[in-house]
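*Asks:* Got a structure for you, written out below as structure tokens; questions coming shortly.
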Amino acid sequence: MRMTLDSICKVGFGVEIGTLSPDLPFNSFAQAFDLANIIVTLRFIDPFWRVKRFLNLGSEALLDQSIKVVDQFTYGMIHKRKAEIELAQSTDTKNKKEQIKHDILSRFIELGEEQDNNFSDDKSLRDVVLNFVIAGRDTTATTLSWFTYMIMTHPSVADKIYIELKNFEEERAKEEGLQLVSYDVNDLKSFEDRIEQFASLLNYDSLGKLVYLHSCITETLRLYPAVPQDPKGILEDDVLPDGTKIKAGGMVTYVPYSMGRMEYNWGPDAASFRPERWFKDGGFQNVSPFKFTAFQAGPRICLGKDSAYLQMKMTLAILCRFYKFELVQNHPVKYRMMTLLSMAHGLRVHVSRLM
């Protein structure tokens, strides 16, 4: 999650927070954000949470403290960016626009300067920041963890990914007219140079060639969707396609975790991790988003779907090309009670370098 948090803060908000620095510094925002997520989820099964909130006791007191830490981080980011924009706008130069950062937060701040806009106050901007953090950090990090677990427990799949990446590397080097850097897994300098060269071969178009890797990510999301269940509030009385009547003020929940494992949808091997199910006539075959619901469907389909795939494929291409992962013996892999399908004890692995 450190990597995805750094990524979304850089791309979304133009801020380097450095949680993935070599010394792995403590980050109060990340801890408070996770704690708030857990406590809010537990409200579904805690009948006394309103009493706790009124009295400011127990988990609700912790939630209040966590929200203050989260607010301090987000409002600080917003105020800093507003100050930078005001400074750039007050500068009497021809390149004002070049001085203003073009990250997502800056765009929303500029949008808020227009009349009749919903992003003119800091609270609305805070909600935008947190929405992007939830969408860009937790979901992607969770999927990367489950993907790593899947390839560790299915070594034949890991081998196929490695072969695809080796072939991809050679083909891209030929296209670019590059001589691949020779390296020794025991020589850190040459090893890092080769990784850097490989990373330079990755771009939006070239990543589209990694069809097997794409199918493995999709198969992971089928079995371990980042959002395992998704409740929707009912605004008006309605009737579902099967004739079920629903009333305003109620709630309807669909469960991607269960839907991804239904034999009715996926056949008798629905519970098995089999990336080949996504192939047809030698190429990747999409299915209806109403069947594969990891990214929702219809008007509510995830706007960050393509961005998430891009980030995951780029990250996993580097990891699976140069590293082998083995699960630490007796390490428990279980779910954690949260809105997302995260791992209760993280994922402890042994890592070795690959040629």
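Numbering starts fresh at 1 for the residues of each chain in the structure tokens, the chains themselves are lettered A, B, ... in the order given, and ligands are numbered from 1 as they appear.
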Within 10 Å of segment 306-327 of chain A, which residues of segment 75-140 of chain A show up? Give each one with its shortest atom-to-atom distance in Å (one decimal) and the two atoms involved, counting only C-alpha atoms, rows by chain then rising residue number, as a Markdown table.

*Replies:*
```
| residue | atom | partner | partner_atom | distance |
| --- | --- | --- | --- | --- |
| A:Ala135 | CA | A:Ala308 | CA | 9.0 |
| A:Gly136 | CA | A:Ala308 | CA | 7.4 |
| A:Arg137 | CA | A:Ala308 | CA | 9.7 |
| A:Thr139 | CA | A:Ala308 | CA | 8.7 |
| A:Thr140 | CA | A:Ala308 | CA | 6.5 |
```

*Asks:* May I have the residues within 12 Å of Thr153 of chain A as a CSV table (one decimal) with all heavy atoms, in the first residue's frame, using only C-alpha atoms and disregarding those fewer than 5 positions away in the same chain?

*Replies:*
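Result file is result_11.csv:
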```csv
chain,number,residue,atom,x,y,z
A,146,TRP,N,-3.2,-10.1,-3.6
A,146,TRP,CA,-3.9,-11.4,-4.0
A,146,TRP,C,-3.3,-12.0,-5.2
A,146,TRP,O,-3.1,-13.2,-5.4
A,146,TRP,CB,-5.4,-11.2,-4.2
A,146,TRP,CG,-6.1,-11.0,-2.9
A,146,TRP,CD1,-6.7,-9.8,-2.4
A,146,TRP,CD2,-6.3,-11.9,-1.8
A,146,TRP,NE1,-7.3,-10.0,-1.2
A,146,TRP,CE2,-7.0,-11.3,-0.8
A,146,TRP,CE3,-5.8,-13.3,-1.6
A,146,TRP,CZ2,-7.3,-12.0,0.4
A,146,TRP,CZ3,-6.2,-13.9,-0.5
A,146,TRP,CH2,-6.9,-13.3,0.5
A,147,PHE,N,-2.9,-11.1,-6.2
A,147,PHE,CA,-2.2,-11.6,-7.4
A,147,PHE,C,-0.9,-12.3,-7.0
A,147,PHE,O,-0.6,-13.4,-7.5
A,147,PHE,CB,-1.9,-10.4,-8.3
A,147,PHE,CG,-1.1,-10.8,-9.6
A,147,PHE,CD1,-1.8,-11.1,-10.8
A,147,PHE,CD2,0.3,-11.0,-9.6
A,147,PHE,CE1,-1.1,-11.4,-11.9
A,147,PHE,CE2,1.0,-11.4,-10.7
A,147,PHE,CZ,0.3,-11.6,-11.9
A,148,THR,N,-0.1,-11.7,-6.2
A,148,THR,CA,1.2,-12.3,-5.7
A,148,THR,C,0.9,-13.7,-5.1
A,148,THR,O,1.6,-14.7,-5.3
A,148,THR,CB,1.9,-11.4,-4.8
A,148,THR,OG1,2.1,-10.1,-5.4
A,148,THR,CG2,3.3,-12.0,-4.4
A,158,ALA,N,3.0,-18.7,-12.8
A,158,ALA,CA,4.2,-17.8,-12.7
A,158,ALA,C,5.2,-18.0,-13.8
A,158,ALA,O,5.8,-17.0,-14.3
A,158,ALA,CB,4.8,-18.0,-11.3
A,159,ASP,N,5.4,-19.3,-14.2
A,159,ASP,CA,6.4,-19.6,-15.2
A,159,ASP,C,5.9,-19.0,-16.6
A,159,ASP,O,6.7,-18.5,-17.3
A,159,ASP,CB,6.6,-21.1,-15.3
A,159,ASP,CG,7.3,-21.7,-14.1
A,159,ASP,OD1,8.0,-20.9,-13.4
A,159,ASP,OD2,7.2,-22.9,-13.9
A,272,SER,N,-11.6,-22.3,-9.3
A,272,SER,CA,-10.2,-22.5,-9.7
A,272,SER,C,-9.6,-21.3,-10.3
A,272,SER,O,-10.3,-20.5,-11.0
A,272,SER,CB,-10.1,-23.7,-10.6
A,272,SER,OG,-10.6,-24.9,-10.1
A,273,PHE,N,-8.4,-21.0,-10.0
A,273,PHE,CA,-7.6,-19.9,-10.7
A,273,PHE,C,-7.1,-20.4,-12.0
A,273,PHE,O,-6.1,-21.2,-12.1
A,273,PHE,CB,-6.5,-19.5,-9.7
A,273,PHE,CG,-5.7,-18.4,-10.3
A,273,PHE,CD1,-6.1,-17.1,-10.2
A,273,PHE,CD2,-4.4,-18.6,-10.9
A,273,PHE,CE1,-5.4,-16.0,-10.7
A,273,PHE,CE2,-3.6,-17.5,-11.3
A,273,PHE,CZ,-4.1,-16.2,-11.3
A,325,PHE,N,8.8,-15.1,-5.9
A,325,PHE,CA,8.2,-14.9,-4.5
A,325,PHE,C,7.8,-16.3,-4.0
A,325,PHE,O,7.2,-17.1,-4.7
A,325,PHE,CB,7.0,-14.0,-4.6
A,325,PHE,CG,7.3,-12.7,-5.1
A,325,PHE,CD1,7.1,-12.3,-6.4
A,325,PHE,CD2,7.7,-11.7,-4.2
A,325,PHE,CE1,7.4,-11.1,-6.9
A,325,PHE,CE2,8.0,-10.4,-4.7
A,325,PHE,CZ,7.8,-10.1,-6.1
A,326,GLU,N,8.1,-16.5,-2.7
A,326,GLU,CA,7.7,-17.8,-2.1
A,326,GLU,C,7.1,-17.4,-0.7
A,326,GLU,O,7.7,-16.6,0.0
A,326,GLU,CB,8.9,-18.7,-1.8
A,326,GLU,CG,9.5,-19.2,-3.1
A,326,GLU,CD,10.8,-20.1,-2.9
A,326,GLU,OE1,11.8,-19.5,-2.5
A,326,GLU,OE2,10.6,-21.3,-3.0
A,327,LEU,N,6.0,-18.0,-0.4
A,327,LEU,CA,5.2,-17.7,0.8
A,327,LEU,C,6.0,-18.2,2.0
A,327,LEU,O,6.5,-19.3,2.0
A,327,LEU,CB,3.8,-18.4,0.8
A,327,LEU,CG,2.9,-18.0,1.9
A,327,LEU,CD1,2.5,-16.5,1.8
A,327,LEU,CD2,1.6,-18.9,1.8
A,328,VAL,N,6.1,-17.4,3.0
A,328,VAL,CA,6.8,-17.8,4.3
A,328,VAL,C,6.0,-18.9,4.9
A,328,VAL,O,4.8,-18.9,5.0
A,328,VAL,CB,6.9,-16.6,5.3
A,328,VAL,CG1,7.3,-17.1,6.6
A,328,VAL,CG2,7.8,-15.5,4.7
A,333,VAL,N,-2.9,-16.7,5.5
A,333,VAL,CA,-3.5,-15.8,4.5
A,333,VAL,C,-5.0,-15.8,4.7
A,333,VAL,O,-5.7,-16.7,4.3
A,333,VAL,CB,-3.1,-16.2,3.1
A,333,VAL,CG1,-3.8,-15.3,2.1
A,333,VAL,CG2,-1.6,-16.3,2.9
A,349,VAL,N,6.6,-12.9,2.4
A,349,VAL,CA,7.2,-13.7,1.3
A,349,VAL,C,8.7,-13.7,1.4
A,349,VAL,O,9.3,-12.8,2.0
A,349,VAL,CB,6.7,-13.2,-0.1
A,349,VAL,CG1,5.2,-13.3,-0.2
A,349,VAL,CG2,7.2,-11.8,-0.3
```

*Asks:* Tell me, as a PDB file with C-alpha atoms, in the first residue's frame, which residues lie within 12 Å of Ala297 of chain A, counting only C-alpha atoms; anything in the same chain fewer than 4 positions away does not count.

*Replies:*
```pdb
ATOM      1  CA  ASP A 230     -21.317  -3.325  -2.802  1.00  0.00           C
ATOM      2  CA  TYR A 254     -24.693  -7.274  -4.763  1.00  0.00           C
ATOM      3  CA  PRO A 256     -18.912  -9.619  -6.586  1.00  0.00           C
ATOM      4  CA  VAL A 287     -17.075 -10.497 -20.801  1.00  0.00           C
ATOM      5  CA  SER A 288     -20.061  -8.401 -19.807  1.00  0.00           C
ATOM      6  CA  PRO A 289     -19.370  -6.142 -16.791  1.00  0.00           C
ATOM      7  CA  PHE A 290     -22.677  -7.441 -15.416  1.00  0.00           C
ATOM      8  CA  LYS A 291     -21.007 -10.866 -15.226  1.00  0.00           C
ATOM      9  CA  PHE A 292     -17.506  -9.761 -14.212  1.00  0.00           C
ATOM     10  CA  THR A 293     -18.521  -7.133 -11.659  1.00  0.00           C
ATOM     11  CA  ILE A 301     -18.696   1.517 -13.806  1.00  0.00           C
ATOM     12  CA  CYS A 302     -15.308   2.426 -12.326  1.00  0.00           C
ATOM     13  CA  LEU A 303     -13.791   5.452 -14.087  1.00  0.00           C
ATOM     14  CA  LYS A 305     -10.487   0.871 -14.468  1.00  0.00           C
TER      15      LYS A 305
END
```

*Asks:* Write down as a count of residues only the residues belonging to segment 132-231 of chain A that are assigned alpha helix (DSSP H) by DSSP computed on the backbone.

*Replies:* 69

*Asks:* Please measure the separation of atom CA of Ile38 of chain A and atom CA of Met338 of chain A, giving the value in Å to one decimal.

*Replies:* 5.0 Å

*Asks:* One number please: atom CA of Ile67 of chain A to atom CA of Arg81 of chain A, in Å, one decimal.

*Replies:*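 One can read the atom CA of Ile67 of chain A to atom CA of Arg81 of chain A distance as 20.9 Å.
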
*Asks:* Name the closest residue to Tyr183 of chain A among the candidates A:Asn286, A:Asn203, A:Gln197, A:Thr339; distances are taken between atoms, counting only C-alpha atoms.

*Replies:*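 Between A:Asn286, A:Asn203, A:Gln197, A:Thr339, the residue approaching Tyr183 of chain A most closely is A:Gln197.
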
*Asks:* Tell me, in Å to one decimal, how far atom CA of Gly233 of chain A is from atom CA of Ala248 of chain A.

*Replies:* 8.1 Å

*Asks:* Contacts of segment 10-16 of chain A at 7 Å or less, counting only C-alpha atoms, minus same-chain residues fewer than 4 places along, as a list of chain:residue names?

*Replies:* A:Asp6, A:Asp103, A:Ile104, A:Leu105

*Asks:* What would the file look like if the residues just selected were written as an mmCIF file, in the first residue's frame with all heavy atoms?

*Replies:*
```
data_model
loop_
_atom_site.group_PDB
_atom_site.id
_atom_site.type_symbol
_atom_site.label_atom_id
_atom_site.label_comp_id
_atom_site.auth_asym_id
_atom_site.auth_seq_id
_atom_site.Cartn_x
_atom_site.Cartn_y
_atom_site.Cartn_z
ATOM 1 N N ASP A 6 1.985 6.362 -2.471
ATOM 2 C CA ASP A 6 2.930 7.299 -3.085
ATOM 3 C C ASP A 6 2.492 7.666 -4.493
ATOM 4 O O ASP A 6 2.568 8.819 -4.916
ATOM 5 C CB ASP A 6 4.329 6.671 -3.133
ATOM 6 C CG ASP A 6 5.056 6.785 -1.800
ATOM 7 O OD1 ASP A 6 4.439 7.254 -0.833
ATOM 8 O OD2 ASP A 6 6.231 6.395 -1.727
ATOM 9 N N ASP A 103 -1.983 18.369 -11.702
ATOM 10 C CA ASP A 103 -2.504 17.159 -11.066
ATOM 11 C C ASP A 103 -4.016 17.291 -10.882
ATOM 12 O O ASP A 103 -4.611 18.339 -11.133
ATOM 13 C CB ASP A 103 -1.814 16.923 -9.719
ATOM 14 C CG ASP A 103 -1.910 18.152 -8.819
ATOM 15 O OD1 ASP A 103 -2.938 18.290 -8.146
ATOM 16 O OD2 ASP A 103 -0.968 18.964 -8.817
ATOM 17 N N ILE A 104 -4.638 16.208 -10.418
ATOM 18 C CA ILE A 104 -6.098 16.171 -10.299
ATOM 19 C C ILE A 104 -6.610 17.197 -9.296
ATOM 20 O O ILE A 104 -7.601 17.896 -9.557
ATOM 21 C CB ILE A 104 -6.547 14.751 -9.890
ATOM 22 C CG1 ILE A 104 -6.166 13.755 -10.994
ATOM 23 C CG2 ILE A 104 -8.053 14.700 -9.642
ATOM 24 C CD1 ILE A 104 -6.335 12.306 -10.610
ATOM 25 N N LEU A 105 -5.950 17.310 -8.152
ATOM 26 C CA LEU A 105 -6.393 18.256 -7.133
ATOM 27 C C LEU A 105 -6.372 19.684 -7.664
ATOM 28 O O LEU A 105 -7.322 20.455 -7.445
ATOM 29 C CB LEU A 105 -5.506 18.143 -5.885
ATOM 30 C CG LEU A 105 -5.793 19.145 -4.760
ATOM 31 C CD1 LEU A 105 -7.233 19.038 -4.275
ATOM 32 C CD2 LEU A 105 -4.815 18.944 -3.598
#
```

*Asks:* Set the distance at 12 Å and use only C-alpha atoms: which residues neighbour Ser106 of chain A once local chain neighbours fewer than 6 positions away are removed? I'd like the list as a list in words.

*Replies:* Val11, Gly12, Phe13, Gly14, Val15, Met77, Ile78, His79, Lys80, Arg81, Lys82, Ala83, Glu84, Ile85, Glu86, Lys97, Gln99, Ile100, Gly112, Glu113, Phe119, Leu125, Val128 and Val129 of chain A

*Asks:* Show me a table, sorted first by chain and then by increasing residue number, of the residues of segment 103-162 of chain A having an atom at most 12 Å from segment 20-37 of chain A, each with its shortest atom pair and the distance in Å to one decimal, counting only C-alpha atoms and written as CSV.

*Replies:*
```
residue,atom,partner,partner_atom,distance
A:Leu130,CA,A:Phe33,CA,9.3
A:Asn131,CA,A:Phe33,CA,11.9
A:Val133,CA,A:Phe33,CA,9.6
A:Ile134,CA,A:Phe33,CA,9.3
A:Arg137,CA,A:Ala30,CA,10.0
A:Asp138,CA,A:Asp34,CA,9.1
```

*Asks:* Report the closest atom pair, with its distance in Å rounded to one decimal, for each residue of segment 90-168 of chain A that has an atom no farther than 12 Å from segment 205-212 of chain A; count only C-alpha atoms, sort by chain and then rising residue number, and write it as a Markdown table.

*Replies:*
```
| residue | atom | partner | partner_atom | distance |
| --- | --- | --- | --- | --- |
| A:Val157 | CA | A:Tyr212 | CA | 9.2 |
| A:Ala158 | CA | A:Tyr212 | CA | 10.4 |
| A:Asp159 | CA | A:Tyr212 | CA | 11.2 |
| A:Lys160 | CA | A:Tyr212 | CA | 7.9 |
| A:Ile161 | CA | A:Tyr212 | CA | 6.6 |
| A:Tyr162 | CA | A:Tyr212 | CA | 10.1 |
| A:Ile163 | CA | A:Tyr212 | CA | 10.1 |
| A:Glu164 | CA | A:Leu210 | CA | 7.1 |
| A:Leu165 | CA | A:Leu210 | CA | 7.5 |
| A:Lys166 | CA | A:Leu210 | CA | 10.8 |
| A:Asn167 | CA | A:Leu210 | CA | 10.0 |
| A:Phe168 | CA | A:Leu210 | CA | 7.6 |
```

*Asks:* Using only C-alpha atoms, which of A:Val40, A:Thr74, A:Gly298, A:Glu176 sits nearest Leu202 of chain A?

*Replies:*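 Of A:Val40, A:Thr74, A:Gly298, A:Glu176, the one nearest Leu202 of chain A, counting only C-alpha atoms, is A:Glu176.
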